[in-house]
Amino acid sequence: MRSNSRVAAWYESVSEGERISSAEASPHKLAAIVLAAGEGKRLAQFGPKPFLTCHGKSFLKILAEHLSAIRVNPLVIVTNEVLYQKVVELNPSGQILINPQPQLGMISSLWIGLNAIDSTVSGFFMCPIDYPLVRPETYHHLAEAHFAFPHRIIIPAHNGHFGHPVIFPKELCEELKRVPLDQGAKFLIHSQSDLILPVAVPDPGILININTPELYQKYCK
């Protein structure tokens with residue numbers, strides 16, 4: 001995703017003390033949906049994406065650890081029927097759901113995850129499984145931005161480009177369930193662009209989608 005001239009370094013505009021105070025005092029609660037149901041055909045020679053390793057840890061374990069560290073609740077992992085048992089055996093700290101039709105695309109997994117989120121959350125991370133290089137502190141920065149601005153779409157930005165993960169406010173959950181299947185969450189982001197709060201982070205990992213053998217060998221081995 002590419003950002004525009006509205007990219008603002010919100011994180012850099014407030015002091016560390018202010019960020020910590022806002023997070024600790026916040027009445028808001030974040031959930032997370034990890035999207036891990038796709039076949040990942042281009043990486044099939046190495047194995048299913050959730051179990052690929054990046055510097056010694058599986059993609060799934062990396063994301064689960066980062067999200068657990070910021071105490072998301074619930075942590076929902078959506079996978080497919082073939083991978084389900086192995087995901088359970090990995091025992092990530094989350095609720096594991098099956099997408100029976102992963103061929104419909106990532107948005108179909110998001111819809112399943114949304115049904116597992118209760119009304120007490122103020123927003124949720126949307127986390128594609130193929131971004132294992134996102135730094136743990138980036139999750140913290142994005143969560144802090146949500147606590148300060150809970151009704152905005154929080155998107156990380158690096159060098160003028162938008163990346164992942166994205167935080168959606170709970171007010172948009174129902175709208176996300178109605179986006180066109182062939183356009184996914186980007187449709188809502190574009191239609192609600194006035195709600196976007198870009199958060200500049202010193203983390204190129206938000207832009208690196210590990211979806212080819214070349215990228216996997218370059219960044220994860």
# chains A, B, ... in the order shown; residues from 1 in each chain; ligands from 1
$ residues_around --residues "Leu188 of chain A" --least-positions-apart "5" --cutoff "9 Å" --atoms "only C-alpha atoms" --output "list in words"
Leu172, Glu175, Leu176, Val179, Gln183 and Ser193 of chain A
$ residues_around --residues "Leu114 of chain A" --least-positions-apart "3" --cutoff "8 Å" --atoms "only C-alpha atoms" --output "list of chain:residue names"
A:Ile33, A:Leu110, A:Trp111, A:Ile117, A:Cys173
$ write_last_selection --atoms "C-alpha atoms" --output "JSON list (two decimals), in the first residue's frame"
[["chain", "number", "residue", "atom", "x", "y", "z"],
["A", 33, "ILE", "CA", -6.88, -11.66, 13.53],
["A", 110, "LEU", "CA", -11.07, -12.00, 7.86],
["A", 111, "TRP", "CA", -14.85, -12.46, 7.83],
["A", 117, "ILE", "CA", -14.52, -10.83, 18.11],
["A", 173, "CYS", "CA", -16.39, -4.41, 11.55]]
$ closest_residue --among "A:Pro48, A:Gly113, A:Gly105, A:Pro204" --to "Leu83 of chain A" --atoms "only C-alpha atoms"
A:Pro48
$ closest_residue --among "A:Leu97, A:Leu60, A:Cys127, A:Leu195" --to "Ile154 of chain A" --atoms "only C-alpha atoms"
A:Leu195
$ select_by_dssp --residues "segment 9-117 of chain A" --states "helix (DSSP H, G or I)" --output "PyMOL selection string"
chain A and resi 10-13+16-25+41-43+49-51+59-69+84-90+102-104+106-114
$ write_last_selection --atoms "N, CA and C atoms" --output "tab-separated table (two decimals), in the first residue's frame"
chain	number	residue	atom	x	y	z
A	10	TRP	N	3.09	10.39	13.77
A	10	TRP	CA	2.40	10.58	15.05
A	10	TRP	C	3.27	10.10	16.20
A	11	TYR	N	3.89	8.96	16.01
A	11	TYR	CA	4.68	8.38	17.09
A	11	TYR	C	5.79	9.32	17.53
A	12	GLU	N	6.38	10.05	16.58
A	12	GLU	CA	7.49	10.93	16.90
A	12	GLU	C	7.02	12.27	17.47
A	13	SER	N	5.71	12.53	17.40
A	13	SER	CA	5.21	13.84	17.82
A	13	SER	C	4.91	13.93	19.30
A	16	GLU	N	7.83	9.77	24.94
A	16	GLU	CA	7.67	8.38	25.38
A	16	GLU	C	6.77	8.31	26.60
A	17	GLY	N	6.92	9.23	27.52
A	17	GLY	CA	6.08	9.24	28.72
A	17	GLY	C	4.61	9.39	28.40
A	18	GLU	N	4.31	10.28	27.44
A	18	GLU	CA	2.92	10.47	27.04
A	18	GLU	C	2.35	9.20	26.41
A	19	ARG	N	3.17	8.52	25.60
A	19	ARG	CA	2.69	7.29	24.94
A	19	ARG	C	2.41	6.22	25.99
A	20	ILE	N	3.32	6.05	26.94
A	20	ILE	CA	3.14	5.03	27.98
A	20	ILE	C	1.91	5.35	28.82
A	21	SER	N	1.74	6.61	29.17
A	21	SER	CA	0.59	7.00	30.00
A	21	SER	C	-0.71	6.73	29.28
A	22	SER	N	-0.76	7.03	27.97
A	22	SER	CA	-2.00	6.83	27.23
A	22	SER	C	-2.33	5.35	27.12
A	23	ALA	N	-1.31	4.51	26.96
A	23	ALA	CA	-1.55	3.07	26.85
A	23	ALA	C	-2.02	2.49	28.17
A	24	GLU	N	-1.36	2.88	29.27
A	24	GLU	CA	-1.70	2.30	30.57
A	24	GLU	C	-3.07	2.77	31.05
A	25	ALA	N	-3.42	4.00	30.71
A	25	ALA	CA	-4.69	4.54	31.19
A	25	ALA	C	-5.85	4.23	30.25
A	41	LYS	N	1.04	-20.98	-2.82
A	41	LYS	CA	1.55	-21.88	-3.86
A	41	LYS	C	2.98	-21.53	-4.29
A	42	ARG	N	3.31	-20.25	-4.30
A	42	ARG	CA	4.65	-19.87	-4.77
A	42	ARG	C	5.75	-20.29	-3.81
A	43	LEU	N	5.37	-20.57	-2.56
A	43	LEU	CA	6.35	-21.01	-1.57
A	43	LEU	C	6.17	-22.48	-1.20
A	49	LYS	N	2.92	-21.64	4.55
A	49	LYS	CA	3.42	-20.37	5.08
A	49	LYS	C	3.46	-20.28	6.61
A	50	PRO	N	2.41	-20.72	7.32
A	50	PRO	CA	2.47	-20.54	8.78
A	50	PRO	C	3.66	-21.22	9.43
A	51	PHE	N	4.18	-22.28	8.79
A	51	PHE	CA	5.24	-23.07	9.39
A	51	PHE	C	6.62	-22.79	8.80
A	59	PHE	N	6.74	-18.48	11.04
A	59	PHE	CA	6.01	-17.22	10.85
A	59	PHE	C	4.90	-17.09	11.89
A	60	LEU	N	4.17	-18.20	12.11
A	60	LEU	CA	3.04	-18.16	13.04
A	60	LEU	C	3.50	-17.86	14.46
A	61	LYS	N	4.58	-18.48	14.88
A	61	LYS	CA	5.08	-18.25	16.24
A	61	LYS	C	5.54	-16.81	16.41
A	62	ILE	N	6.18	-16.26	15.39
A	62	ILE	CA	6.65	-14.87	15.46
A	62	ILE	C	5.47	-13.93	15.68
A	63	LEU	N	4.43	-14.06	14.85
A	63	LEU	CA	3.29	-13.16	14.98
A	63	LEU	C	2.58	-13.36	16.31
A	64	ALA	N	2.40	-14.63	16.71
A	64	ALA	CA	1.70	-14.91	17.97
A	64	ALA	C	2.45	-14.32	19.16
A	65	GLU	N	3.77	-14.42	19.16
A	65	GLU	CA	4.56	-13.88	20.26
A	65	GLU	C	4.46	-12.35	20.32
A	66	HIS	N	4.57	-11.70	19.15
A	66	HIS	CA	4.51	-10.24	19.13
A	66	HIS	C	3.15	-9.73	19.61
A	67	LEU	N	2.09	-10.42	19.17
A	67	LEU	CA	0.74	-9.98	19.54
A	67	LEU	C	0.43	-10.29	21.01
A	68	SER	N	0.92	-11.43	21.48
A	68	SER	CA	0.71	-11.77	22.89
A	68	SER	C	1.44	-10.79	23.80
A	69	ALA	N	2.59	-10.29	23.34
A	69	ALA	CA	3.37	-9.35	24.15
A	69	ALA	C	2.63	-8.05	24.42
A	84	TYR	N	-4.97	-27.13	10.05
A	84	TYR	CA	-5.54	-26.89	11.38
A	84	TYR	C	-4.84	-27.67	12.49
A	85	GLN	N	-4.69	-28.98	12.32
A	85	GLN	CA	-4.16	-29.80	13.39
A	85	GLN	C	-2.73	-29.40	13.76
A	86	LYS	N	-1.93	-29.09	12.73
A	86	LYS	CA	-0.55	-28.70	13.03
A	86	LYS	C	-0.50	-27.33	13.71
A	87	VAL	N	-1.41	-26.44	13.34
A	87	VAL	CA	-1.48	-25.15	14.02
A	87	VAL	C	-1.82	-25.36	15.49
A	88	VAL	N	-2.76	-26.26	15.76
A	88	VAL	CA	-3.12	-26.57	17.14
A	88	VAL	C	-1.92	-27.13	17.90
A	89	GLU	N	-1.17	-28.00	17.25
A	89	GLU	CA	-0.01	-28.63	17.90
A	89	GLU	C	1.07	-27.60	18.23
A	90	LEU	N	1.17	-26.56	17.42
A	90	LEU	CA	2.13	-25.49	17.72
A	90	LEU	C	1.75	-24.74	18.98
A	102	PRO	N	-10.80	-21.31	1.72
A	102	PRO	CA	-9.68	-20.35	1.64
A	102	PRO	C	-9.42	-19.86	0.22
A	103	GLN	N	-9.90	-20.60	-0.77
A	103	GLN	CA	-9.70	-20.20	-2.16
A	103	GLN	C	-10.42	-18.89	-2.49
A	104	LEU	N	-11.33	-18.47	-1.61
A	104	LEU	CA	-12.04	-17.21	-1.82
A	104	LEU	C	-11.18	-16.00	-1.50
A	106	MET	N	-8.12	-13.81	1.09
A	106	MET	CA	-7.83	-13.38	2.45
A	106	MET	C	-9.03	-12.77	3.15
A	107	ILE	N	-9.88	-12.07	2.39
A	107	ILE	CA	-11.02	-11.41	3.02
A	107	ILE	C	-11.99	-12.43	3.61
A	108	SER	N	-12.06	-13.63	3.02
A	108	SER	CA	-12.95	-14.65	3.56
A	108	SER	C	-12.46	-15.12	4.94
A	109	SER	N	-11.16	-15.15	5.13
A	109	SER	CA	-10.61	-15.49	6.46
A	109	SER	C	-10.88	-14.37	7.45
A	110	LEU	N	-10.79	-13.13	6.98
A	110	LEU	CA	-11.07	-12.00	7.86
A	110	LEU	C	-12.52	-12.05	8.34
A	111	TRP	N	-13.44	-12.38	7.44
A	111	TRP	CA	-14.85	-12.46	7.83
A	111	TRP	C	-15.05	-13.48	8.95
A	112	ILE	N	-14.39	-14.63	8.83
A	112	ILE	CA	-14.50	-15.66	9.87
A	112	ILE	C	-13.93	-15.14	11.19
A	113	GLY	N	-12.79	-14.49	11.12
A	113	GLY	CA	-12.19	-13.93	12.33
A	113	GLY	C	-13.06	-12.88	12.99
A	114	LEU	N	-13.71	-12.05	12.19
A	114	LEU	CA	-14.56	-10.99	12.75
A	114	LEU	C	-15.69	-11.56	13.57
$ residues_around --residues "Lys29 of chain A" --least-positions-apart "6" --cutoff "12 Å" --atoms "only C-alpha atoms" --output "list in words"
Ala23, Ile70, Arg71, Val72, Asn73, Pro74, Leu75, Ile117, Asp118, Ser119, Thr120, Val121, Ser122, Gly123, Phe124, Phe125, Ala143, Glu144, His146, Phe147, Ala148, Pro150, Ile167, Pro169 and Lys170 of chain A
$ select_by_dssp --residues "segment 7-147 of chain A" --states "strand (DSSP E)" --output "PyMOL selection string"
chain A and resi 30-36+53-54+57-58+75-79+95-98+123-128
$ closest_residue --among "A:Gln101, A:Cys220, A:Leu197, A:Pro213" --to "Gln45 of chain A" --atoms "only C-alpha atoms"
A:Pro213
